[in-house]
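> Next up, work22.tsv (TSV, C-alpha atoms (C1' of nucleotides)).
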chain	number	residue	atom	x	y	z
E	1064	MET	CA	27.75	-28.34	3.51
E	1065	ILE	CA	28.64	-27.51	-0.06
E	1066	THR	CA	25.06	-26.60	-0.87
E	1067	GLU	CA	25.03	-24.22	2.06
E	1068	GLU	CA	28.19	-22.51	0.89
E	1069	ILE	CA	26.87	-22.16	-2.61
E	1070	ASN	CA	23.68	-20.82	-1.18
E	1071	ARG	CA	25.45	-18.16	0.88
E	1072	GLU	CA	27.50	-17.15	-2.13
E	1073	HIS	CA	24.34	-16.79	-4.20
E	1074	ILE	CA	22.78	-14.68	-1.49
E	1075	LYS	CA	25.83	-12.47	-1.27
E	1076	LYS	CA	25.81	-11.82	-5.00
E	1077	SER	CA	22.08	-11.24	-5.03
E	1078	LEU	CA	22.35	-8.70	-2.22
E	1079	ALA	CA	25.07	-6.81	-4.04
E	1080	LYS	CA	22.89	-6.72	-7.14
E	1081	LEU	CA	19.89	-5.49	-5.18
E	1082	ASP	CA	22.02	-2.69	-3.71
E	1083	GLU	CA	23.15	-1.78	-7.19
E	1084	ILE	CA	19.71	-1.78	-8.79
E	1085	TYR	CA	17.49	-0.38	-6.05
E	1086	GLY	CA	19.92	1.54	-3.87
E	1087	VAL	CA	20.55	1.24	-0.14
E	1088	THR	CA	18.29	3.96	1.27
E	1089	LYS	CA	14.68	4.89	0.94
E	1090	GLU	CA	12.63	7.87	2.04
E	1091	SER	CA	10.10	7.18	4.76
E	1092	PHE	CA	6.54	8.36	4.51
E	1093	TYR	CA	6.03	12.08	4.97
E	1094	HIS	CA	5.70	12.79	8.68
E	1095	GLN	CA	6.55	15.39	11.31
E	1096	GLN	CA	6.31	13.29	14.41
E	1097	PRO	CA	6.55	9.61	15.34
E	1098	TRP	CA	2.85	8.81	15.50
E	1099	GLN	CA	2.39	10.22	12.00
E	1100	LEU	CA	4.94	7.77	10.69
E	1101	LEU	CA	3.22	4.94	12.52
E	1102	ALA	CA	-0.15	6.01	11.12
E	1103	ALA	CA	1.24	6.12	7.59
E	1104	ILE	CA	2.66	2.62	7.90
E	1105	MET	CA	-0.63	1.35	9.30
E	1106	LEU	CA	-2.44	2.82	6.32
E	1107	SER	CA	-0.06	1.14	3.89
E	1108	ALA	CA	-1.37	-2.33	4.69
E	1109	GLN	CA	-2.70	-3.95	1.51
E	1110	SER	CA	-2.44	-0.73	-0.44
E	1111	THR	CA	0.22	1.12	-2.38
E	1112	ASP	CA	2.46	3.78	-0.88
E	1113	LYS	CA	1.30	6.15	-3.59
E	1114	GLN	CA	-2.28	5.90	-2.41
E	1115	VAL	CA	-1.15	6.50	1.15
E	1116	GLU	CA	0.97	9.54	0.34
E	1117	GLU	CA	-1.98	11.10	-1.37
E	1118	VAL	CA	-4.07	11.27	1.80
E	1119	LEU	CA	-1.34	12.06	4.33
E	1120	PRO	CA	-1.13	15.87	3.95
E	1121	GLN	CA	-4.87	16.35	4.53
E	1122	LEU	CA	-4.98	13.70	7.21
E	1123	PHE	CA	-2.18	15.26	9.25
E	1124	ASN	CA	-3.49	18.73	8.61
E	1125	ARG	CA	-6.81	17.70	10.11
E	1126	PHE	CA	-5.26	15.52	12.85
E	1127	PRO	CA	-1.79	16.88	13.69
E	1128	ASN	CA	-1.25	14.65	16.70
E	1129	ALA	CA	-2.48	11.49	18.36
E	1130	GLU	CA	-4.66	13.42	20.79
E	1131	ASN	CA	-6.68	14.98	17.97
E	1132	MET	CA	-7.34	11.63	16.36
E	1133	ALA	CA	-8.14	9.95	19.66
E	1134	GLU	CA	-10.97	12.43	20.13
E	1135	ALA	CA	-12.18	12.48	16.52
E	1136	SER	CA	-15.31	10.75	15.28
E	1137	LEU	CA	-14.98	7.60	13.22
E	1138	ASP	CA	-16.86	9.22	10.35
E	1139	GLU	CA	-14.35	12.03	10.18
E	1140	ILE	CA	-11.38	9.70	10.10
E	1141	GLU	CA	-13.06	7.48	7.51
E	1142	ASP	CA	-13.68	10.47	5.27
E	1143	ALA	CA	-10.01	11.38	5.40
E	1144	ILE	CA	-8.76	7.94	4.35
E	1145	ARG	CA	-11.62	6.46	2.32
E	1146	SER	CA	-9.74	6.40	-0.99
E	1147	ILE	CA	-7.18	3.98	0.42
E	1148	GLY	CA	-9.52	1.05	0.89
E	1149	LEU	CA	-10.11	-1.08	3.99
E	1150	TYR	CA	-11.01	2.30	5.42
E	1151	LYS	CA	-13.45	1.14	8.08
E	1152	ASN	CA	-10.97	-1.16	9.76
E	1153	LYS	CA	-8.16	1.33	9.40
E	1154	ALA	CA	-10.16	4.23	10.82
E	1155	LYS	CA	-11.28	2.15	13.77
E	1156	ASN	CA	-7.74	0.95	14.43
E	1157	LEU	CA	-6.24	4.43	14.07
E	1158	LYS	CA	-8.65	5.90	16.59
E	1159	LYS	CA	-8.19	3.07	19.07
E	1160	CYS	CA	-4.43	3.17	18.59
E	1161	CYS	CA	-4.34	6.89	19.35
E	1162	GLN	CA	-6.50	6.40	22.42
E	1163	GLN	CA	-4.06	3.77	23.64
E	1164	ILE	CA	-1.11	6.07	22.98
E	1165	MET	CA	-2.78	8.80	25.04
E	1166	GLU	CA	-4.05	6.64	27.86
E	1167	GLU	CA	-1.42	3.94	28.20
E	1168	PHE	CA	1.75	5.58	26.90
E	1169	GLY	CA	1.48	9.19	28.01
E	1170	GLY	CA	0.98	10.52	24.51
E	1171	GLU	CA	4.17	8.99	23.10
E	1172	VAL	CA	4.42	6.12	20.64
E	1173	PRO	CA	6.17	3.23	22.42
E	1174	GLU	CA	9.56	2.27	20.97
E	1175	ASP	CA	9.75	-1.33	22.06
E	1176	MET	CA	8.18	-4.20	20.15
E	1177	GLU	CA	6.01	-5.27	23.05
E	1178	GLY	CA	4.46	-1.83	23.40
E	1179	LEU	CA	3.96	-1.39	19.68
E	1180	LEU	CA	2.38	-4.80	19.24
E	1181	CYS	CA	-0.32	-4.10	21.82
E	1182	LEU	CA	-1.56	-1.13	19.79
E	1183	ALA	CA	-4.71	-1.66	17.72
E	1184	GLY	CA	-3.91	-2.35	14.08
E	1185	VAL	CA	-0.19	-2.78	14.70
E	1186	GLY	CA	1.19	-6.21	13.91
E	1187	ARG	CA	4.70	-7.49	13.49
E	1188	LYS	CA	5.25	-6.07	10.02
E	1189	THR	CA	4.10	-2.58	10.98
E	1190	ALA	CA	6.04	-2.54	14.24
E	1191	THR	CA	9.30	-3.74	12.71
E	1192	LEU	CA	9.13	-1.30	9.83
E	1193	TYR	CA	8.28	1.57	12.19
E	1194	ARG	CA	11.31	0.87	14.37
E	1195	SER	CA	13.48	0.60	11.28
E	1196	ASP	CA	12.23	3.86	9.75
E	1197	ALA	CA	11.95	5.92	12.92
E	1198	TYR	CA	15.10	4.86	14.75
E	1199	GLY	CA	17.15	2.77	12.34
E	1200	ILE	CA	16.73	-0.24	14.58
E	1201	PRO	CA	17.79	-3.33	12.60
E	1202	GLY	CA	14.88	-5.58	11.75
E	1203	VAL	CA	13.74	-7.85	8.93
E	1204	THR	CA	10.29	-6.67	7.90
E	1205	VAL	CA	8.47	-9.61	6.36
E	1206	ASP	CA	5.55	-8.49	4.25
E	1207	THR	CA	3.96	-10.33	1.34
E	1208	HIS	CA	6.81	-9.46	-1.03
E	1209	VAL	CA	9.62	-10.43	1.32
E	1210	PHE	CA	7.79	-13.63	2.21
E	1211	ARG	CA	7.15	-14.64	-1.38
E	1212	ILE	CA	10.50	-13.65	-2.90
E	1213	SER	CA	12.83	-14.88	-0.19
E	1214	ARG	CA	11.19	-18.29	-0.48
E	1215	ARG	CA	11.41	-18.31	-4.26
E	1216	LEU	CA	15.08	-17.38	-4.10
E	1217	GLY	CA	15.70	-20.21	-1.66
E	1218	TRP	CA	16.77	-17.95	1.19
E	1219	ALA	CA	14.04	-19.25	3.46
E	1220	THR	CA	11.58	-22.11	3.63
E	1221	GLY	CA	9.32	-21.15	6.54
E	1222	LYS	CA	5.59	-21.44	6.17
E	1223	ASP	CA	4.71	-18.28	8.03
E	1224	PRO	CA	6.22	-14.76	8.20
E	1225	VAL	CA	7.73	-15.21	11.66
E	1226	GLN	CA	9.64	-18.32	10.60
E	1227	VAL	CA	10.91	-16.52	7.52
E	1228	GLU	CA	11.93	-13.53	9.63
E	1229	LEU	CA	14.09	-15.75	11.83
E	1230	GLU	CA	15.64	-17.50	8.84
E	1231	LEU	CA	16.49	-14.21	7.17
E	1232	GLN	CA	17.99	-12.83	10.37
E	1233	ASP	CA	20.27	-15.83	10.35
E	1234	VAL	CA	21.22	-15.74	6.70
E	1235	LEU	CA	21.52	-11.97	6.14
E	1236	GLU	CA	24.19	-9.73	7.60
E	1237	GLU	CA	22.55	-7.23	9.93
E	1238	GLU	CA	23.66	-4.42	7.64
E	1239	HIS	CA	21.10	-5.61	5.08
E	1240	TRP	CA	18.12	-6.04	7.37
E	1241	ASN	CA	16.68	-2.57	6.99
E	1242	ARG	CA	17.07	-2.36	3.24
E	1243	ILE	CA	15.99	-5.83	2.15
E	1244	ASN	CA	12.37	-4.87	2.72
E	1245	PHE	CA	12.10	-2.01	0.26
E	1246	GLN	CA	14.49	-3.65	-2.19
E	1247	LEU	CA	12.35	-6.77	-2.42
E	1248	ILE	CA	9.19	-4.67	-2.59
E	1249	TYR	CA	10.49	-2.81	-5.62
E	1250	HIS	CA	11.65	-6.07	-7.11
E	1251	GLY	CA	8.36	-7.75	-6.31
E	1252	ARG	CA	6.32	-5.05	-7.98
E	1253	ALA	CA	8.43	-4.75	-11.10
E	1254	VAL	CA	9.79	-8.25	-11.74
E	1255	CYS	CA	9.12	-10.97	-9.21
E	1256	THR	CA	5.37	-10.46	-9.18
E	1257	ALA	CA	2.96	-12.71	-7.34
E	1258	ARG	CA	1.55	-14.08	-10.59
E	1259	LYS	CA	3.55	-14.59	-13.78
E	1260	ALA	CA	6.96	-13.58	-12.50
E	1261	LYS	CA	9.19	-12.09	-15.19
E	1262	CYS	CA	12.14	-14.39	-14.64
E	1263	GLY	CA	13.59	-13.51	-18.03
E	1264	GLU	CA	14.10	-9.91	-16.90
E	1265	CYS	CA	15.35	-10.75	-13.44
E	1266	VAL	CA	18.83	-9.64	-12.43
E	1267	LEU	CA	18.89	-12.36	-9.78
E	1268	GLU	CA	17.97	-15.23	-12.06
E	1269	ALA	CA	21.42	-16.82	-12.04
E	1270	TRP	CA	21.27	-17.30	-8.28
E	1271	CYS	CA	17.57	-18.00	-7.84
E	1272	GLU	CA	16.26	-21.44	-6.97
E	1273	LYS	CA	12.90	-20.51	-8.48
E	1274	LYS	CA	10.87	-22.24	-5.84
E	1275	MET	CA	7.58	-20.87	-7.13
E	1276	ASP	CA	4.39	-21.22	-5.13
J	736	DA	C1'	-9.86	-19.53	7.05
J	737	DT	C1'	-12.30	-14.98	6.24
J	738	DC	C1'	-13.22	-10.44	6.08
J	739	DC	C1'	-12.17	-5.69	5.01
J	740	DC	C1'	-12.22	-2.37	0.24
J	741	DG	C1'	-11.11	1.56	-3.18
J	742	DA	C1'	-7.98	2.22	-6.92
J	743	DG	C1'	-5.46	0.82	-10.64
J	744	DG	C1'	-3.58	-2.63	-13.93
J	745	DG	C1'	-4.13	-6.37	-17.34
P	199	DC	C1'	-14.39	-7.89	-16.39
P	200	DC	C1'	-11.11	-9.94	-12.91
P	201	DC	C1'	-7.18	-9.52	-10.30
P	202	DT	C1'	-3.94	-7.69	-6.71
P	203	DC	C1'	-2.22	-4.53	-3.37
P	204	DT	C1'	4.36	-3.24	1.74
P	205	DG	C1'	-1.78	-6.79	7.16
P	206	DG	C1'	-4.28	-7.33	11.03
P	207	DA	C1'	-8.13	-8.92	13.70
P	208	DT	C1'	-11.70	-12.25	14.42
Show me the file's structure as C-alpha cells.

Amino acid sequence: MITEEINREHIKKSLAKLDEIYGVTKESFYHQQPWQLLAAIMLSAQSTDKQVEEVLPQLFNRFPNAENMAEASLDEIEDAIRSIGLYKNKAKNLKKCCQQIMEEFGGEVPEDMEGLLCLAGVGRKTATLYRSDAYGIPGVTVDTHVFRISRRLGWATGKDPVQVELELQDVLEEEHWNRINFQLIYHGRAVCTARKAKCGECVLEAWCEKKMD
DNA sequence: ATCCCGAGGG
DNA sequence: CCCTCTGGAT
C-alpha cells in the first residue's frame, strides 16, 4: 500500500514537471478538414513530424479532400509523400482509407473508435490521437515513446501498448490523458531516448524507477 | 516475428 | 557507416 502511495506521489510530481517543461497544449498538424488531420497522423507513423509537415501543403493542394485521393493513382500519391519513407505502404493505405471513407462513411471520417479502426492504415495509436486532436476526446495515445518511458518511470508494466494504455488510464487523471502523449514524445526525443538515455539531465530522475529495457 | 523506407543524427 | 524514427498489416 505504501509503495502505491509513493508511486502516485511520484507520478503527480512528474506530471507537474512535464506540464512546466513542455507545456499543456500542442498544435495539431496543419489541416483544413478532418480527413486531412487523419492523413497527417497516418503519415507520421515511424517518421518525424517535421518530415510530415514538409509534404502536407503540396499533398493537400493536390488532394484537397478524401474523394480526390480515393480516385488518384498510387503513383501520384507516392510521389507526393516519397520523402517521408514507408511511402508505398502509406500511399496504398491512404488511397484505400479514402475509398472506405467515401463508400462506407458517406464522405465523412468516422468519429467513433470502431469506425476509425476499420480504416486501412489506422490502428489504435492513430485513432486515439485523431480523436484527441480533432475533438478533444480524452484518450491515452500509446506510441513507442509513451510505451517506453511510462514503463521506465514505473507507471506501467504491461508488455503491449493496449495493456499500458489501460494502466495509464487508471493511474493518470483524465485531465492529463491528451497531453501526456506529446509531453513524453518531446521528453523521449530530447532526454529519455531509446538508447543511452540521458538520466543525468532528466527533470524526472528523482521520481523515476529507471526500469530500463 | 517481419517488412516497409527516406532522412537525419551520431 | 550504422542507427532510429509519434505504426500498421501480414
> Which residue gives the smallest distance to DG205 (chain P) among E:Thr1088, E:Gln1109, E:Ser1213, E:Thr1256, with all atoms listed in the file counted?
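Using all atoms listed in the file, DG205 (chain P) sits closest to E:Gln1109.
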> Can you measure C1' of DG741 (chain J) to CA of Cys1181 (chain E) for me? One decimal in Å is fine.
27.8 Å
> In Å, rounded to a single decimal, give me how far CA of Val1254 (chain E) is from CA of Leu1081 (chain E).
12.4 Å
> With only C-alpha atoms (C1' of nucleotides) counted and 10 Å as the cut-off, give the residues of region 1137-1203 of chain E in contact with region 736-740 of chain J, each with its shortest interatomic distance in Å and the pair that gives it, as CSV.

residue,atom,partner,partner_atom,distance
E:Arg1145,CA,J:DC740,C1',9.1
E:Ser1146,CA,J:DC740,C1',9.2
E:Ile1147,CA,J:DC740,C1',8.1
E:Gly1148,CA,J:DC740,C1',4.4
E:Leu1149,CA,J:DC740,C1',4.5
E:Tyr1150,CA,J:DC740,C1',7.1
E:Lys1151,CA,J:DC739,C1',7.6
E:Asn1152,CA,J:DC739,C1',6.7
E:Lys1153,CA,J:DC739,C1',9.2
> Calculated over all atoms listed in the file, which of the candidates E:Gly1251, E:Glu1238, E:Glu1272, E:Val1266 has the smallest distance to Val1087 (chain E)?
E:Glu1238
> I need the contact residues of chain P against chain E, so if you could list those with any atom within 8 Å, counting all atoms listed in the file, and return them as an NGL selection string, that would help.
:P and (203-207)
> Report, in Å to a single decimal, how far apart CA of Asp1082 (chain E) and CA of Val1227 (chain E) are.
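These atoms are spaced 21.0 Å apart.
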> Contacts of Leu1229 (chain E) at 10 Å or less, counting all atoms listed in the file, minus same-chain residues fewer than 4 places along, as a list in words?
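Result of the neighbour search: Val1203, Val1205, Ala1219, Gly1221, Pro1224, Val1225, Asp1233 and Val1234 of chain E.
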> Would you mind exporting C-alpha atoms of the selected residues as a compact mmCIF listing (two decimals), in the coordinates of the input?

# COMPACT_ATOMS: atom_id res chain seq x y z
CA VAL E 1203 13.74 -7.85 8.93
CA VAL E 1205 8.47 -9.61 6.36
CA ALA E 1219 14.04 -19.25 3.46
CA GLY E 1221 9.32 -21.15 6.54
CA PRO E 1224 6.22 -14.76 8.20
CA VAL E 1225 7.73 -15.21 11.66
CA ASP E 1233 20.27 -15.83 10.35
CA VAL E 1234 21.22 -15.74 6.70
> Taking all atoms of region 1168-1185 of chain E that the file lists, what box with edges along x, y and z, padded by 5 Å per side, do you get, with centre and edge lengths in Å to one decimal, as lines of an AutoDock Vina configuration file?

center_x = 2.5
center_y = 2.6
center_z = 21.0
size_x = 24.5
size_y = 25.8
size_z = 23.9
> Kindly indicate which residue among E:Ala1154, E:Leu1267, E:Leu1216, E:Ile1164 lies nearest to Leu1137 (chain E), using all atoms listed in the file for the distances.
E:Ala1154
